[in-house]
>>> print(open('my_file-v2.pdb').read())   # PDB, C-alpha atoms, pLDDT in the B column
ATOM      1  CA  MET A  30      27.911  -5.225  27.389  1.00 49.00           C
ATOM      2  CA  GLU A  31      29.302  -2.189  29.218  1.00 48.00           C
ATOM      3  CA  GLN A  32      32.028  -1.814  26.567  1.00 53.00           C
ATOM      4  CA  LEU A  33      29.423  -1.938  23.792  1.00 52.00           C
ATOM      5  CA  LEU A  34      27.369   0.796  25.446  1.00 47.00           C
ATOM      6  CA  LEU A  35      30.489   2.901  25.932  1.00 48.00           C
ATOM      7  CA  GLN A  36      31.200   2.590  22.176  1.00 48.00           C
ATOM      8  CA  LEU A  37      27.777   4.150  21.626  1.00 48.00           C
ATOM      9  CA  GLY A  38      28.610   6.971  24.029  1.00 46.00           C
ATOM     10  CA  LEU A  39      26.173   5.752  26.658  1.00 43.00           C
ATOM     11  CA  GLY A  40      26.839   5.157  30.336  1.00 41.00           C
ATOM     12  CA  LEU A  41      24.948   2.681  32.460  1.00 37.00           C
ATOM     13  CA  THR A  42      23.095   5.399  34.353  1.00 40.00           C
ATOM     14  CA  SER A  43      19.816   4.702  32.593  1.00 50.00           C
ATOM     15  CA  ASN A  44      18.044   1.484  33.582  1.00 55.00           C
ATOM     16  CA  PHE A  45      15.880   1.841  30.503  1.00 56.00           C
ATOM     17  CA  ILE A  46      18.860   1.843  28.127  1.00 60.00           C
ATOM     18  CA  TYR A  47      20.478  -0.983  30.066  1.00 66.00           C
ATOM     19  CA  ASP A  48      17.326  -3.137  29.912  1.00 69.00           C
ATOM     20  CA  LEU A  49      16.875  -2.356  26.225  1.00 67.00           C
ATOM     21  CA  ALA A  50      20.485  -3.275  25.427  1.00 75.00           C
ATOM     22  CA  LYS A  51      20.377  -6.416  27.564  1.00 78.00           C
ATOM     23  CA  GLY A  52      17.188  -7.560  25.829  1.00 77.00           C
ATOM     24  CA  TYR A  53      18.697  -6.929  22.394  1.00 78.00           C
ATOM     25  CA  LEU A  54      21.954  -8.700  23.180  1.00 83.00           C
ATOM     26  CA  THR A  55      20.288 -11.737  24.719  1.00 86.00           C
ATOM     27  CA  THR A  56      17.607 -12.237  22.040  1.00 86.00           C
ATOM     28  CA  THR A  57      19.482 -11.341  18.848  1.00 85.00           C
ATOM     29  CA  PRO A  58      21.493 -14.204  17.277  1.00 88.00           C
ATOM     30  CA  ASN A  59      24.232 -11.934  15.839  1.00 87.00           C
ATOM     31  CA  PRO A  60      24.130  -8.641  17.766  1.00 85.00           C
ATOM     32  CA  SER A  61      25.974  -5.659  16.357  1.00 85.00           C
ATOM     33  CA  VAL A  62      26.685  -2.081  17.337  1.00 81.00           C
ATOM     34  CA  ALA A  63      24.577  -0.878  14.376  1.00 79.00           C
ATOM     35  CA  GLY A  64      21.687  -3.120  15.427  1.00 77.00           C
ATOM     36  CA  LEU A  65      21.857  -1.868  19.002  1.00 77.00           C
ATOM     37  CA  GLU A  66      21.981   1.751  17.809  1.00 70.00           C
ATOM     38  CA  SER A  67      18.855   1.104  15.745  1.00 70.00           C
ATOM     39  CA  LYS A  68      17.058  -0.492  18.703  1.00 68.00           C
ATOM     40  CA  ILE A  69      17.921   2.426  21.015  1.00 66.00           C
ATOM     41  CA  ALA A  70      16.999   5.021  18.369  1.00 62.00           C
ATOM     42  CA  SER A  71      13.548   3.465  18.026  1.00 68.00           C
ATOM     43  CA  SER A  72      12.683   4.020  21.693  1.00 73.00           C
ATOM     44  CA  LEU A  73      11.339   7.015  23.572  1.00 78.00           C
ATOM     45  CA  ASN A  74      11.733   7.251  27.338  1.00 80.00           C
ATOM     46  CA  ILE A  75       9.703   9.999  29.046  1.00 84.00           C
ATOM     47  CA  GLN A  76      10.677  10.552  32.681  1.00 87.00           C
ATOM     48  CA  GLY A  77       9.616  13.210  35.142  1.00 88.00           C
ATOM     49  CA  ALA A  78       7.697  15.268  32.584  1.00 87.00           C
ATOM     50  CA  ASP A  79       4.503  17.297  32.823  1.00 89.00           C
ATOM     51  CA  ILE A  80       2.555  16.986  29.571  1.00 89.00           C
ATOM     52  CA  TYR A  81      -0.477  19.217  29.006  1.00 89.00           C
ATOM     53  CA  ALA A  82      -2.795  19.636  26.034  1.00 89.00           C
ATOM     54  CA  HIS A  83      -5.961  21.677  25.748  1.00 86.00           C
ATOM     55  CA  LYS A  84      -7.829  18.944  23.842  1.00 90.00           C
ATOM     56  CA  ILE A  85      -6.117  15.563  23.227  1.00 91.00           C
ATOM     57  CA  VAL A  86      -2.828  13.791  24.017  1.00 91.00           C
ATOM     58  CA  GLU A  87      -1.920  10.803  21.839  1.00 90.00           C
ATOM     59  CA  LEU A  88       1.078   8.655  22.702  1.00 89.00           C
ATOM     60  CA  LEU A  89       1.478   6.234  19.805  1.00 87.00           C
ATOM     61  CA  ALA A  90       4.284   3.686  19.753  1.00 88.00           C
ATOM     62  CA  GLN A  91       4.265   3.588  15.978  1.00 84.00           C
ATOM     63  CA  LYS A  92       7.823   2.727  14.943  1.00 79.00           C
ATOM     64  CA  GLY A  93       9.375   2.089  18.351  1.00 83.00           C
ATOM     65  CA  ASP A  94       8.641   1.697  22.026  1.00 87.00           C
ATOM     66  CA  ILE A  95       7.508   4.381  24.489  1.00 90.00           C
ATOM     67  CA  LYS A  96       8.176   4.160  28.220  1.00 91.00           C
ATOM     68  CA  ILE A  97       6.583   6.734  30.549  1.00 93.00           C
ATOM     69  CA  GLU A  98       7.702   7.005  34.187  1.00 94.00           C
ATOM     70  CA  GLY A  99       7.237   9.583  36.924  1.00 94.00           C
ATOM     71  CA  THR A 100       5.199  11.711  34.539  1.00 93.00           C
ATOM     72  CA  ARG A 101       1.910  13.630  34.705  1.00 94.00           C
ATOM     73  CA  ILE A 102      -0.178  13.759  31.543  1.00 95.00           C
ATOM     74  CA  TYR A 103      -3.252  16.013  31.303  1.00 95.00           C
ATOM     75  CA  ALA A 104      -5.618  16.742  28.448  1.00 94.00           C
ATOM     76  CA  VAL A 105      -9.051  18.304  28.831  1.00 94.00           C
ATOM     77  CA  ASP A 106     -10.887  15.901  26.476  1.00 95.00           C
ATOM     78  CA  SER A 107      -9.024  12.622  25.961  1.00 95.00           C
ATOM     79  CA  ILE A 108      -5.771  10.709  26.210  1.00 96.00           C
ATOM     80  CA  VAL A 109      -4.781   7.745  24.055  1.00 96.00           C
ATOM     81  CA  MET A 110      -1.833   5.429  24.700  1.00 95.00           C
ATOM     82  CA  ALA A 111      -1.413   2.936  21.852  1.00 95.00           C
ATOM     83  CA  SER A 112       1.001   0.536  20.224  1.00 94.00           C
ATOM     84  CA  ASN A 113       1.400  -0.813  16.719  1.00 90.00           C
ATOM     85  CA  LYS A 114       2.438  -4.294  15.684  1.00 91.00           C
ATOM     86  CA  GLY A 115       5.978  -4.902  16.913  1.00 89.00           C
ATOM     87  CA  THR A 116       5.953  -1.987  19.390  1.00 90.00           C
ATOM     88  CA  GLN A 117       4.878  -1.413  22.970  1.00 92.00           C
ATOM     89  CA  PHE A 118       4.011   1.361  25.375  1.00 94.00           C
ATOM     90  CA  THR A 119       4.704   1.197  29.086  1.00 95.00           C
ATOM     91  CA  PHE A 120       3.082   3.632  31.522  1.00 96.00           C
ATOM     92  CA  GLY A 121       3.706   3.728  35.246  1.00 96.00           C
ATOM     93  CA  ASN A 122       6.116   4.032  38.134  1.00 95.00           C
ATOM     94  CA  SER A 123       4.556   7.060  39.824  1.00 96.00           C
ATOM     95  CA  SER A 124       2.771   8.359  36.715  1.00 97.00           C
ATOM     96  CA  GLU A 125      -0.688   9.845  36.301  1.00 97.00           C
ATOM     97  CA  SER A 126      -2.830  10.368  33.209  1.00 97.00           C
ATOM     98  CA  SER A 127      -5.919  12.521  33.659  1.00 97.00           C
ATOM     99  CA  THR A 128      -8.635  14.381  31.795  1.00 97.00           C
ATOM    100  CA  LYS A 129     -11.469  16.521  33.112  1.00 96.00           C
ATOM    101  CA  ASN A 130     -13.470  13.269  33.636  1.00 96.00           C
ATOM    102  CA  THR A 131     -10.958  10.418  34.112  1.00 97.00           C
ATOM    103  CA  ARG A 132      -7.727   9.522  35.869  1.00 97.00           C
ATOM    104  CA  ILE A 133      -5.318   6.607  35.665  1.00 97.00           C
ATOM    105  CA  SER A 134      -2.657   6.442  38.375  1.00 97.00           C
ATOM    106  CA  ALA A 135       0.182   3.944  38.575  1.00 97.00           C
ATOM    107  CA  GLY A 136       2.081   3.919  41.857  1.00 96.00           C
ATOM    108  CA  GLU A 137       5.757   3.376  42.419  1.00 95.00           C
ATOM    109  CA  GLY A 138       6.856   0.181  40.694  1.00 95.00           C
ATOM    110  CA  ALA A 139       3.454  -0.397  39.030  1.00 96.00           C
ATOM    111  CA  PHE A 140       3.176  -0.442  35.223  1.00 96.00           C
ATOM    112  CA  ILE A 141       0.566  -0.784  32.500  1.00 96.00           C
ATOM    113  CA  GLN A 142       1.920  -2.204  29.260  1.00 95.00           C
ATOM    114  CA  GLY A 143       0.330  -2.543  25.838  1.00 95.00           C
ATOM    115  CA  GLN A 144       1.807  -4.126  22.747  1.00 94.00           C
ATOM    116  CA  GLY A 145       0.947  -5.272  19.243  1.00 93.00           C
ATOM    117  CA  GLY A 146      -1.965  -2.887  18.653  1.00 94.00           C
ATOM    118  CA  ALA A 147      -3.235  -2.521  22.237  1.00 96.00           C
ATOM    119  CA  GLN A 148      -4.745   0.816  23.308  1.00 96.00           C
ATOM    120  CA  ILE A 149      -5.961   2.565  26.430  1.00 97.00           C
ATOM    121  CA  ARG A 150      -8.361   5.447  25.794  1.00 97.00           C
ATOM    122  CA  GLN A 151      -9.523   7.980  28.328  1.00 97.00           C
ATOM    123  CA  ASN A 152     -12.629   9.198  26.547  1.00 96.00           C
ATOM    124  CA  ASP A 153     -14.352  12.588  26.641  1.00 95.00           C
ATOM    125  CA  ASP A 154     -17.532  11.010  28.059  1.00 96.00           C
ATOM    126  CA  GLY A 155     -15.706   9.952  31.247  1.00 95.00           C
ATOM    127  CA  SER A 156     -15.162   6.323  30.261  1.00 97.00           C
ATOM    128  CA  ILE A 157     -11.861   4.467  29.992  1.00 97.00           C
ATOM    129  CA  SER A 158     -11.647   1.796  27.284  1.00 96.00           C
ATOM    130  CA  PHE A 159      -9.116  -0.887  26.465  1.00 96.00           C
ATOM    131  CA  HIS A 160      -8.639  -2.169  22.907  1.00 94.00           C
ATOM    132  CA  ALA A 161      -6.571  -4.946  21.409  1.00 88.00           C
TER     133      ALA A 161
END
>>> encode(input="my_file-v2.pdb", output="structure tokens")
Amino acid sequence: MEQLLLQLGLGLTSNFIYDLAKGYLTTTPNPSVAGLESKIASSLNIQGADIYAHKIVELLAQKGDIKIEGTRIYAVDSIVMASNKGTQFTFGNSSESSTKNTRISAGEGAFIQGQGGAQIRQNDDGSISFHA
């Protein structure tokens, strides 16, 4: 697998890329470099970021997966983390999502994952809702 990743110009320094590639290669009957490129291109990995919005933050795994680690997200009114069919979002590993009325914290090694249409909403009224 290391040789395949090197062909794509990727080292093994990213656990996320490694896990993604390993999953693809072990679950795909006829894996290919093009297929792996497509799988990697359809993923977003946010690490160590500070995200701020005056009103709303929406993280929608619409056409690929989103993984958020070591990141602080803040929006005054609301935050939505959601997935579509065939996608997933993962939030955690020392991350925090907060609004003026709510906060979700995931400690080191802890994750919240949603897939196939699942959502977490931090609402303006101070409530947190989960949807499937």
>>> resolve_selection(input="my_file-v2.pdb", expression="the PyMOL selection byres ((chain A and resi 112) around 8)", output="ChimeraX atom specification")
/A:89-91,94,110-111,113-114,116-118,143-148
>>> closest_residue(input="my_file-v2.pdb", among="A:Gln76, A:Thr119, A:Ser107, A:Gln151", to="Ile133 (chain A)", atoms="all atoms listed in the file")
A:Gln151
>>> residues_around(input="my_file-v2.pdb", residues="Gly155 (chain A)", least_positions_apart="2", cutoff="8 Å", atoms="all atoms listed in the file", output="VMD selection string")
chain A and resid 130 to 131 151 to 153 157
>>> atom_distance(input="my_file-v2.pdb", atom1="CA of Asn59 (chain A)", atom2="CA of Gln142 (chain A)")
27.8 Å
>>> residues_around(input="my_file-v2.pdb", residues="Ser124 (chain A)", least_positions_apart="6", cutoff="10 Å", atoms="all atoms listed in the file", output="PyMOL selection string")
chain A and resi 76-79+97-102+133-140
